[in-house]
Amino acid sequence: MKQFFKFMFASMVGFILSCIILFFIFFGIIAGLISSSKKEIVLEPKSVLLIKLDEPVKERSSQNPFSSLPVKGFQYLNVLGLDDILKDIKKAETDQKVNGIFLDLSDMLIDIGMVEEIRNALLDFRKTGKFIIAYGDFYSQKSYYLASVADKVFLNPQGMMEWKGMNAKVVFLKGTLAKLDIDMQVIRHGKYKSAVEPLISDKMSPENKEQTLAVVQSFWDHIVSGVSAMRKQDRQKLNDLATNLSVEQPEDAVKYGLIDSLTYRDGLIAYLHKKLGTAENTTINYVGLKKYNDVPSTIKKEYSKDKIAVIYASGDIVEGEGSEDNIGSERISRAIRKARTDNSIKAIVFRVNSPGGIMISSDVIWREIMLTKKVKPVVASFGDYAASGGYYISCEANKIVAEPTTITGSIGVFGVIPNFQKTLNNKLGITTDGVMTNTNADFISVDKPLPEYQKALITRGVERSYKTFVDRVAKGRNMSPEKIDNIGQGRIWTGVMAKELGLVDEIGGINKAVEMAAGLAKLKNYRLIYLPEQKDAFTTLIEQLSGDNEQEAMIRTQLGDFYPYYQSVIRLRNMKGIQARLPFTLTID
């Protein structure tokens with residue numbers, strides 16, 4: 001028997017060592033593939049920068065070294081972030097080998113805030129005198145808004161162009177919850193705090209319709225103004241075309257001056273050859289954003305020891321570490337503290353793209369921004385969203401910069417406690433019973449309705465949290481609590497509306513925020529660093545092999561237009577404590 005255990009343990013040790021050795025061999029092979037795939041990019045003269053936005057874009061590029069591998073699953077992370085897209089467009093301005101930009105916009109999958117950032121970068125590119133050409137088999141209103149910046153806008157002769165005005169829809173879950181016999185017990189402050197409506201109603205309240213219409217109208221007015229300026233069209237005419245659905249056929253888009261010409265791809269290619277001065281029997285040197293990202297920049301900046309830290313906070317606000325896809329209070333707070341205590345960092349740009357989340361986690365991050373502001377300037381830069389908790393964590397910044405289409409405000413809080421008693425009893429035949437040492441020892445229980453005393457206790461907590469929220473904003477914006485309460489109540493605003501109300505200082509993108517931060521810190525020369533630090537290659541590999549990122553990407557791909565419904569259920573499942581957030585799903589089209 002002794003001999004048996006001896007051989008058994010020896011075999012186990014050998015197996016474990018073999019697995020470890022094989023893993024590191026595999027890791028080395030992967031690393032070798034990566035290094036071999038990174039070829040030096042030599043750009044040909046008369047190149048055209050090809051911009052296709054047919055994949056979801058995050059605020060920040062992944063530093064995953066395995067994303068360049070031609071292996072199923074890894075490609076889901078091989079997407080440039082908005083940060084690198086803006087850098088590449090800027091780089092192309094002075095690149096003598098890039099003659100122009102081709103916008104291929106048949107299938108665009110980015111939100112309006114990112115469209116605004118990229119459009120502004122293209123407007124700057126136009127000033128160089130280089131050309132911008134746009135083409136689409138189908139133009140949505142968002143993609144056409146981006147295309148309108150081009151010198152020439154082409155449409156497939158059998159294609160379509162959407163021009164109809166904007167609408168907004170909210171996903172309601174009351175019917176689903178009723179079928180499951182789930183009673184959602186809601187305590188909220190703010191007559192416009194519509195985040196809970198999907199749980200307790202099957203339609204929008206008058207107050208929610210009022211605020212949402214104002215937001216959508218502001219979006220539409222901004223898009224019409226932008227198209228009007230670039231296409232030299234009368235604003236009223238553009239509105240009339242949308243109201244009457246006048247752009248019925250591709251020819252109508254040309255007739256009304258929205259499109260320059262109808263052409264197939266071969267006609268477009270011929271036009272590009274003409275712009276480049278190249279023979280039609282030659283191949284056009286297209287360079288995609290991912291490839292161009294590896295081309296060295298021709299912009300030479302003087303080295304500086306002084307830094308501006310750009311801290312990214314994207315996604316729902318959650319407890320703990322969080323991930324690259326949400327705002328973990330510990331992870332983001334640690335990044336802010338690092339920037340505060342680093343004497344070489346002279347200012348901070350706090351890039352926020354969040355619909356909000358857990359109240360206490362928002363307050364933890366707010367505290368770090370408040371402490372940092374005493375030491376060095378902080379400028380908040382808003383993306384698509386900086387609402388509720390997203391605004392909470394930003395309100396103490398020295399200055400706030402928002403896009404015209406940023407959804408912000410939503411100063412209000414709520415709490416949700418589900419009651420599963422009927423679900424357990426009626427659907428599953430389960431009953432519960434128990435004993436307590438004290439009257440409220442079962443606080444909070446989800447298998448029975450809230451007693452009035454406990455409900456009153458939670459209500460006091462919600463009211464206290466709302467007052468704290470209002471006081472934080474009032475102090476940060478140097479306004480009275482009464483005024484903040486008046487424009488609060490959970491109401492959402494666009495960036496343009498928020499500026500008029502004093503919730504935002506300037507309209508612009510992240511580059512505008514960096515310029516403002518440099519000005520406040522009195523910096524002429526500086527370099528940018530980016531926080532939080534992204535995960536190392538080993539951790540990224542392990543997470544990728546776990547399949548979480550692939551699974552999420554596959555769900556998004558398979559569900560398509562139904563993906564927002566899936567998100568609503570996931571967000572409901574992840575709710576903890578008092579919430580400061582936007583409606584579950586607000587789709588603006």
# chains A, B, ... in the order shown; residues from 1 in each chain; ligands from 1
call {"tool": "residues_around", "arguments": {"residues": "Ile369 (chain A)", "least_positions_apart": "3", "cutoff": "9 Å", "atoms": "only C-alpha atoms", "output": "PyMOL selection string"}}
result
chain A and resi 333+336-337+350+365-366+372-374+378+393-397
call {"tool": "residues_around", "arguments": {"residues": "Phe154 (chain A)", "least_positions_apart": "6", "cutoff": "12 Å", "atoms": "only C-alpha atoms", "output": "VMD selection string"}}
result
chain A and resid 102 to 106 132 to 139 144 147 to 148 160 to 161 250 to 251 253 to 254 257 to 269 271 to 272
call {"tool": "closest_residue", "arguments": {"among": "A:Ser225, A:Ile327, A:Tyr145, A:Ala309", "to": "Ser344 (chain A)", "atoms": "only C-alpha atoms"}}
result
A:Ala309
call {"tool": "select_by_dssp", "arguments": {"residues": "region 35-220 of chain A", "states": "strand (DSSP E)", "output": "PyMOL selection string"}}
result
chain A and resi 47-52+98-104+131-139+152-161+168-170+183-189
call {"tool": "residues_around", "arguments": {"residues": "Ile507 (chain A)", "least_positions_apart": "3", "cutoff": "6 Å", "atoms": "only C-alpha atoms", "output": "PyMOL selection string"}}
result
chain A and resi 401-403
call {"tool": "atom_distance", "arguments": {"atom1": "CA of Arg235 (chain A)", "atom2": "CA of Ile492 (chain A)"}}
result
25.7 Å
call {"tool": "residues_around", "arguments": {"residues": "Lys164 (chain A)", "least_positions_apart": "6", "cutoff": "12 Å", "atoms": "only C-alpha atoms", "output": "count of residues only"}}
result
19
call {"tool": "atom_distance", "arguments": {"atom1": "CA of Asn440 (chain A)", "atom2": "CA of Arg188 (chain A)"}}
result
22.0 Å
call {"tool": "residues_around", "arguments": {"residues": "Ala580 (chain A)", "least_positions_apart": "3", "cutoff": "9 Å", "atoms": "only C-alpha atoms", "output": "ChimeraX atom specification"}}
result
/A:195,355-359,362,387-390,392,410-415,490
call {"tool": "write_last_selection", "arguments": {"atoms": "N, CA and C atoms", "output": "compact mmCIF listing (two decimals), in the first residue's frame"}}
result
# COMPACT_ATOMS: atom_id res chain seq x y z
N ALA A 195 -36.22 55.96 -13.60
CA ALA A 195 -35.52 54.68 -13.64
C ALA A 195 -36.37 53.54 -13.11
N PRO A 355 -24.31 55.83 -16.92
CA PRO A 355 -25.69 56.15 -16.57
C PRO A 355 -25.95 56.13 -15.07
N GLY A 356 -24.88 55.88 -14.28
CA GLY A 356 -25.01 55.86 -12.83
C GLY A 356 -24.96 54.45 -12.26
N GLY A 357 -25.42 54.32 -11.02
CA GLY A 357 -25.37 53.01 -10.37
C GLY A 357 -25.57 53.12 -8.87
N ILE A 358 -24.76 52.40 -8.12
CA ILE A 358 -24.92 52.33 -6.66
C ILE A 358 -24.53 53.67 -6.02
N MET A 359 -25.40 54.16 -5.15
CA MET A 359 -25.22 55.48 -4.53
C MET A 359 -23.95 55.55 -3.69
N SER A 362 -20.85 55.68 -5.71
CA SER A 362 -20.70 57.01 -6.32
C SER A 362 -20.09 57.99 -5.32
N ALA A 387 -24.94 60.74 -16.14
CA ALA A 387 -26.21 61.04 -15.51
C ALA A 387 -26.32 60.35 -14.16
N SER A 388 -27.11 60.95 -13.28
CA SER A 388 -27.35 60.42 -11.95
C SER A 388 -26.01 60.17 -11.25
N GLY A 389 -25.66 58.91 -10.95
CA GLY A 389 -24.37 58.64 -10.31
C GLY A 389 -23.21 59.11 -11.16
N GLY A 390 -23.36 59.09 -12.48
CA GLY A 390 -22.32 59.59 -13.37
C GLY A 390 -22.08 61.07 -13.20
N TYR A 392 -22.97 62.63 -10.27
CA TYR A 392 -22.58 62.71 -8.85
C TYR A 392 -21.05 62.67 -8.72
N SER A 410 -30.19 64.08 -14.09
CA SER A 410 -30.85 62.96 -13.40
C SER A 410 -30.45 62.92 -11.92
N ILE A 411 -30.54 64.09 -11.29
CA ILE A 411 -30.19 64.21 -9.88
C ILE A 411 -31.36 63.70 -9.04
N GLY A 412 -31.29 62.44 -8.66
CA GLY A 412 -32.35 61.80 -7.90
C GLY A 412 -31.91 60.40 -7.52
N VAL A 413 -32.59 59.79 -6.57
CA VAL A 413 -32.20 58.46 -6.09
C VAL A 413 -33.45 57.62 -5.87
N PHE A 414 -33.24 56.30 -5.79
CA PHE A 414 -34.36 55.39 -5.51
C PHE A 414 -33.84 54.09 -4.92
N GLY A 415 -34.75 53.36 -4.32
CA GLY A 415 -34.44 52.03 -3.81
C GLY A 415 -35.50 51.05 -4.29
N GLY A 490 -34.55 64.21 -10.42
CA GLY A 490 -34.34 63.09 -11.33
C GLY A 490 -34.45 63.42 -12.80
call {"tool": "closest_residue", "arguments": {"among": "A:Phe469, A:Tyr391, A:Phe219, A:Tyr526", "to": "Ala168 (chain A)", "atoms": "only C-alpha atoms"}}
result
A:Phe219
call {"tool": "residues_around", "arguments": {"residues": "Asn419 (chain A)", "least_positions_apart": "6", "cutoff": "6 Å", "atoms": "only C-alpha atoms", "output": "mmCIF file with C-alpha atoms, in the first residue's frame"}}
result
data_model
loop_
_atom_site.group_PDB
_atom_site.id
_atom_site.type_symbol
_atom_site.label_atom_id
_atom_site.label_comp_id
_atom_site.auth_asym_id
_atom_site.auth_seq_id
_atom_site.Cartn_x
_atom_site.Cartn_y
_atom_site.Cartn_z
ATOM 1 C CA ILE A 182 -43.053 39.521 -8.492
ATOM 2 C CA ASP A 183 -44.010 42.693 -6.620
ATOM 3 C CA VAL A 446 -37.646 39.475 -0.093
ATOM 4 C CA ASP A 447 -40.165 36.714 0.701
ATOM 5 C CA LYS A 448 -42.890 39.003 2.058
ATOM 6 C CA PRO A 449 -44.123 42.607 1.732
#
call {"tool": "select_by_dssp", "arguments": {"residues": "region 96-208 of chain A", "states": "helix (DSSP H, G or I)", "output": "PDB file with N, CA and C atoms, in the first residue's frame"}}
result
ATOM      1  N   ILE A 112     -24.339  58.272 -30.281  1.00  0.00           N
ATOM      2  CA  ILE A 112     -24.304  59.635 -30.810  1.00  0.00           C
ATOM      3  C   ILE A 112     -23.184  60.477 -30.188  1.00  0.00           C
ATOM      4  N   GLY A 113     -22.857  60.244 -28.904  1.00  0.00           N
ATOM      5  CA  GLY A 113     -21.784  61.012 -28.271  1.00  0.00           C
ATOM      6  C   GLY A 113     -20.445  60.756 -28.938  1.00  0.00           C
ATOM      7  N   MET A 114     -20.153  59.501 -29.266  1.00  0.00           N
ATOM      8  CA  MET A 114     -18.914  59.172 -29.962  1.00  0.00           C
ATOM      9  C   MET A 114     -18.941  59.697 -31.390  1.00  0.00           C
ATOM     10  N   VAL A 115     -20.123  59.668 -32.021  1.00  0.00           N
ATOM     11  CA  VAL A 115     -20.259  60.257 -33.354  1.00  0.00           C
ATOM     12  C   VAL A 115     -19.837  61.721 -33.317  1.00  0.00           C
ATOM     13  N   GLU A 116     -20.264  62.422 -32.278  1.00  0.00           N
ATOM     14  CA  GLU A 116     -19.939  63.847 -32.141  1.00  0.00           C
ATOM     15  C   GLU A 116     -18.435  64.066 -32.017  1.00  0.00           C
ATOM     16  N   GLU A 117     -17.777  63.253 -31.196  1.00  0.00           N
ATOM     17  CA  GLU A 117     -16.317  63.377 -31.015  1.00  0.00           C
ATOM     18  C   GLU A 117     -15.590  63.145 -32.346  1.00  0.00           C
ATOM     19  N   ILE A 118     -15.963  62.074 -33.049  1.00  0.00           N
ATOM     20  CA  ILE A 118     -15.301  61.748 -34.316  1.00  0.00           C
ATOM     21  C   ILE A 118     -15.613  62.800 -35.368  1.00  0.00           C
ATOM     22  N   ARG A 119     -16.833  63.278 -35.394  1.00  0.00           N
ATOM     23  CA  ARG A 119     -17.212  64.316 -36.364  1.00  0.00           C
ATOM     24  C   ARG A 119     -16.394  65.583 -36.159  1.00  0.00           C
ATOM     25  N   ASN A 120     -16.211  65.976 -34.914  1.00  0.00           N
ATOM     26  CA  ASN A 120     -15.408  67.174 -34.637  1.00  0.00           C
ATOM     27  C   ASN A 120     -13.956  66.983 -35.063  1.00  0.00           C
ATOM     28  N   ALA A 121     -13.426  65.762 -34.874  1.00  0.00           N
ATOM     29  CA  ALA A 121     -12.064  65.480 -35.325  1.00  0.00           C
ATOM     30  C   ALA A 121     -11.976  65.566 -36.842  1.00  0.00           C
ATOM     31  N   LEU A 122     -13.012  65.121 -37.538  1.00  0.00           N
ATOM     32  CA  LEU A 122     -13.029  65.198 -39.000  1.00  0.00           C
ATOM     33  C   LEU A 122     -13.164  66.640 -39.489  1.00  0.00           C
ATOM     34  N   LEU A 123     -13.888  67.452 -38.746  1.00  0.00           N
ATOM     35  CA  LEU A 123     -13.983  68.880 -39.093  1.00  0.00           C
ATOM     36  C   LEU A 123     -12.609  69.539 -39.033  1.00  0.00           C
ATOM     37  N   ASP A 124     -11.813  69.172 -38.013  1.00  0.00           N
ATOM     38  CA  ASP A 124     -10.444  69.681 -37.939  1.00  0.00           C
ATOM     39  C   ASP A 124      -9.606  69.157 -39.094  1.00  0.00           C
ATOM     40  N   PHE A 125      -9.815  67.879 -39.465  1.00  0.00           N
ATOM     41  CA  PHE A 125      -9.069  67.279 -40.575  1.00  0.00           C
ATOM     42  C   PHE A 125      -9.357  68.018 -41.879  1.00  0.00           C
ATOM     43  N   ARG A 126     -10.590  68.427 -42.076  1.00  0.00           N
ATOM     44  CA  ARG A 126     -10.978  69.141 -43.307  1.00  0.00           C
ATOM     45  C   ARG A 126     -10.165  70.413 -43.518  1.00  0.00           C
ATOM     46  N   GLN A 141     -29.765  57.952 -39.420  1.00  0.00           N
ATOM     47  CA  GLN A 141     -29.646  59.391 -39.164  1.00  0.00           C
ATOM     48  C   GLN A 141     -28.312  59.717 -38.496  1.00  0.00           C
ATOM     49  N   LYS A 142     -27.848  58.818 -37.605  1.00  0.00           N
ATOM     50  CA  LYS A 142     -26.554  59.034 -36.957  1.00  0.00           C
ATOM     51  C   LYS A 142     -25.417  58.958 -37.960  1.00  0.00           C
ATOM     52  N   SER A 143     -25.452  57.938 -38.834  1.00  0.00           N
ATOM     53  CA  SER A 143     -24.353  57.789 -39.794  1.00  0.00           C
ATOM     54  C   SER A 143     -24.384  58.911 -40.830  1.00  0.00           C
ATOM     55  N   TYR A 144     -25.593  59.375 -41.196  1.00  0.00           N
ATOM     56  CA  TYR A 144     -25.654  60.502 -42.143  1.00  0.00           C
ATOM     57  C   TYR A 144     -25.135  61.779 -41.494  1.00  0.00           C
ATOM     58  N   TYR A 145     -25.437  61.973 -40.218  1.00  0.00           N
ATOM     59  CA  TYR A 145     -24.906  63.141 -39.506  1.00  0.00           C
ATOM     60  C   TYR A 145     -23.382  63.156 -39.565  1.00  0.00           C
ATOM     61  N   LEU A 146     -22.767  61.984 -39.398  1.00  0.00           N
ATOM     62  CA  LEU A 146     -21.312  61.894 -39.518  1.00  0.00           C
ATOM     63  C   LEU A 146     -20.879  62.107 -40.962  1.00  0.00           C
ATOM     64  N   ALA A 147     -21.606  61.506 -41.910  1.00  0.00           N
ATOM     65  CA  ALA A 147     -21.254  61.621 -43.328  1.00  0.00           C
ATOM     66  C   ALA A 147     -21.335  63.060 -43.823  1.00  0.00           C
ATOM     67  N   LYS A 174     -43.004  45.654 -16.269  1.00  0.00           N
ATOM     68  CA  LYS A 174     -44.097  45.405 -15.330  1.00  0.00           C
ATOM     69  C   LYS A 174     -44.878  44.146 -15.715  1.00  0.00           C
ATOM     70  N   GLY A 175     -45.184  43.996 -16.994  1.00  0.00           N
ATOM     71  CA  GLY A 175     -45.956  42.838 -17.446  1.00  0.00           C
ATOM     72  C   GLY A 175     -45.239  41.527 -17.180  1.00  0.00           C
ATOM     73  N   THR A 176     -43.925  41.518 -17.438  1.00  0.00           N
ATOM     74  CA  THR A 176     -43.126  40.313 -17.184  1.00  0.00           C
ATOM     75  C   THR A 176     -43.122  39.979 -15.698  1.00  0.00           C
ATOM     76  N   LEU A 177     -42.927  41.011 -14.863  1.00  0.00           N
ATOM     77  CA  LEU A 177     -42.898  40.797 -13.419  1.00  0.00           C
ATOM     78  C   LEU A 177     -44.252  40.300 -12.911  1.00  0.00           C
ATOM     79  N   ALA A 178     -45.338  40.825 -13.514  1.00  0.00           N
ATOM     80  CA  ALA A 178     -46.681  40.401 -13.107  1.00  0.00           C
ATOM     81  C   ALA A 178     -46.905  38.929 -13.440  1.00  0.00           C
ATOM     82  N   LYS A 179     -46.434  38.489 -14.597  1.00  0.00           N
ATOM     83  CA  LYS A 179     -46.571  37.081 -14.981  1.00  0.00           C
ATOM     84  C   LYS A 179     -45.833  36.164 -14.000  1.00  0.00           C
ATOM     85  N   SER A 194     -37.311  58.452 -13.436  1.00  0.00           N
ATOM     86  CA  SER A 194     -38.021  57.474 -14.250  1.00  0.00           C
ATOM     87  C   SER A 194     -37.345  56.110 -14.278  1.00  0.00           C
ATOM     88  N   ALA A 195     -36.223  55.963 -13.602  1.00  0.00           N
ATOM     89  CA  ALA A 195     -35.524  54.678 -13.645  1.00  0.00           C
ATOM     90  C   ALA A 195     -36.374  53.544 -13.109  1.00  0.00           C
ATOM     91  N   VAL A 196     -37.309  53.851 -12.210  1.00  0.00           N
ATOM     92  CA  VAL A 196     -38.121  52.789 -11.621  1.00  0.00           C
ATOM     93  C   VAL A 196     -39.399  52.526 -12.416  1.00  0.00           C
ATOM     94  N   GLU A 197     -39.741  53.384 -13.347  1.00  0.00           N
ATOM     95  CA  GLU A 197     -40.996  53.223 -14.079  1.00  0.00           C
ATOM     96  C   GLU A 197     -41.115  51.880 -14.791  1.00  0.00           C
ATOM     97  N   PRO A 198     -40.051  51.363 -15.395  1.00  0.00           N
ATOM     98  CA  PRO A 198     -40.186  50.062 -16.067  1.00  0.00           C
ATOM     99  C   PRO A 198     -40.616  48.936 -15.127  1.00  0.00           C
ATOM    100  N   LEU A 199     -40.456  49.127 -13.819  1.00  0.00           N
ATOM    101  CA  LEU A 199     -40.805  48.088 -12.849  1.00  0.00           C
ATOM    102  C   LEU A 199     -42.241  48.198 -12.358  1.00  0.00           C
ATOM    103  N   ILE A 200     -42.802  49.412 -12.429  1.00  0.00           N
ATOM    104  CA  ILE A 200     -44.096  49.631 -11.797  1.00  0.00           C
ATOM    105  C   ILE A 200     -45.165  50.122 -12.761  1.00  0.00           C
ATOM    106  N   PRO A 206     -46.409  61.197 -17.504  1.00  0.00           N
ATOM    107  CA  PRO A 206     -46.376  62.503 -18.174  1.00  0.00           C
ATOM    108  C   PRO A 206     -45.064  63.251 -17.931  1.00  0.00           C
ATOM    109  N   GLU A 207     -44.546  63.155 -16.681  1.00  0.00           N
ATOM    110  CA  GLU A 207     -43.283  63.840 -16.376  1.00  0.00           C
ATOM    111  C   GLU A 207     -42.121  63.245 -17.174  1.00  0.00           C
ATOM    112  N   ASN A 208     -42.118  61.915 -17.288  1.00  0.00           N
ATOM    113  CA  ASN A 208     -41.051  61.260 -18.044  1.00  0.00           C
ATOM    114  C   ASN A 208     -41.150  61.592 -19.525  1.00  0.00           C
TER     115      ASN A 208
END
call {"tool": "closest_residue", "arguments": {"among": "A:Arg351, A:Lys169, A:Arg367, A:Lys87", "to": "Leu213 (chain A)", "atoms": "only C-alpha atoms"}}
result
A:Lys169
call {"tool": "decode", "arguments": {"residues": "region 148-160 of chain A", "atoms": "N, CA and C atoms", "output": "PDB file, in the first residue's frame"}}
result
ATOM      1  N   SER A 148     -22.209  63.864 -43.226  1.00  0.00           N
ATOM      2  CA  SER A 148     -22.424  65.239 -43.706  1.00  0.00           C
ATOM      3  C   SER A 148     -21.179  66.107 -43.601  1.00  0.00           C
ATOM      4  N   VAL A 149     -20.180  65.655 -42.858  1.00  0.00           N
ATOM      5  CA  VAL A 149     -18.937  66.413 -42.744  1.00  0.00           C
ATOM      6  C   VAL A 149     -18.064  66.242 -43.987  1.00  0.00           C
ATOM      7  N   ALA A 150     -18.389  65.251 -44.839  1.00  0.00           N
ATOM      8  CA  ALA A 150     -17.546  64.934 -45.997  1.00  0.00           C
ATOM      9  C   ALA A 150     -17.689  65.957 -47.113  1.00  0.00           C
ATOM     10  N   ASP A 151     -16.656  66.027 -47.963  1.00  0.00           N
ATOM     11  CA  ASP A 151     -16.714  66.891 -49.146  1.00  0.00           C
ATOM     12  C   ASP A 151     -17.769  66.375 -50.125  1.00  0.00           C
ATOM     13  N   LYS A 152     -17.819  65.048 -50.274  1.00  0.00           N
ATOM     14  CA  LYS A 152     -18.795  64.415 -51.150  1.00  0.00           C
ATOM     15  C   LYS A 152     -19.431  63.238 -50.403  1.00  0.00           C
ATOM     16  N   VAL A 153     -20.761  63.144 -50.515  1.00  0.00           N
ATOM     17  CA  VAL A 153     -21.503  62.063 -49.870  1.00  0.00           C
ATOM     18  C   VAL A 153     -22.180  61.236 -50.954  1.00  0.00           C
ATOM     19  N   PHE A 154     -21.841  59.951 -51.023  1.00  0.00           N
ATOM     20  CA  PHE A 154     -22.383  59.056 -52.038  1.00  0.00           C
ATOM     21  C   PHE A 154     -23.302  58.016 -51.397  1.00  0.00           C
ATOM     22  N   LEU A 155     -24.301  57.584 -52.182  1.00  0.00           N
ATOM     23  CA  LEU A 155     -25.242  56.558 -51.741  1.00  0.00           C
ATOM     24  C   LEU A 155     -25.401  55.523 -52.845  1.00  0.00           C
ATOM     25  N   ASN A 156     -25.502  54.254 -52.469  1.00  0.00           N
ATOM     26  CA  ASN A 156     -25.778  53.195 -53.428  1.00  0.00           C
ATOM     27  C   ASN A 156     -27.109  53.478 -54.139  1.00  0.00           C
ATOM     28  N   PRO A 157     -27.176  53.315 -55.474  1.00  0.00           N
ATOM     29  CA  PRO A 157     -28.421  53.601 -56.206  1.00  0.00           C
ATOM     30  C   PRO A 157     -29.623  52.797 -55.721  1.00  0.00           C
ATOM     31  N   GLN A 158     -29.385  51.643 -55.107  1.00  0.00           N
ATOM     32  CA  GLN A 158     -30.468  50.841 -54.557  1.00  0.00           C
ATOM     33  C   GLN A 158     -30.507  50.920 -53.028  1.00  0.00           C
ATOM     34  N   GLY A 159     -29.799  51.888 -52.493  1.00  0.00           N
ATOM     35  CA  GLY A 159     -29.697  52.014 -51.050  1.00  0.00           C
ATOM     36  C   GLY A 159     -30.849  52.783 -50.427  1.00  0.00           C
ATOM     37  N   MET A 160     -30.683  53.118 -49.146  1.00  0.00           N
ATOM     38  CA  MET A 160     -31.712  53.845 -48.408  1.00  0.00           C
ATOM     39  C   MET A 160     -31.060  54.911 -47.538  1.00  0.00           C
TER      40      MET A 160
END
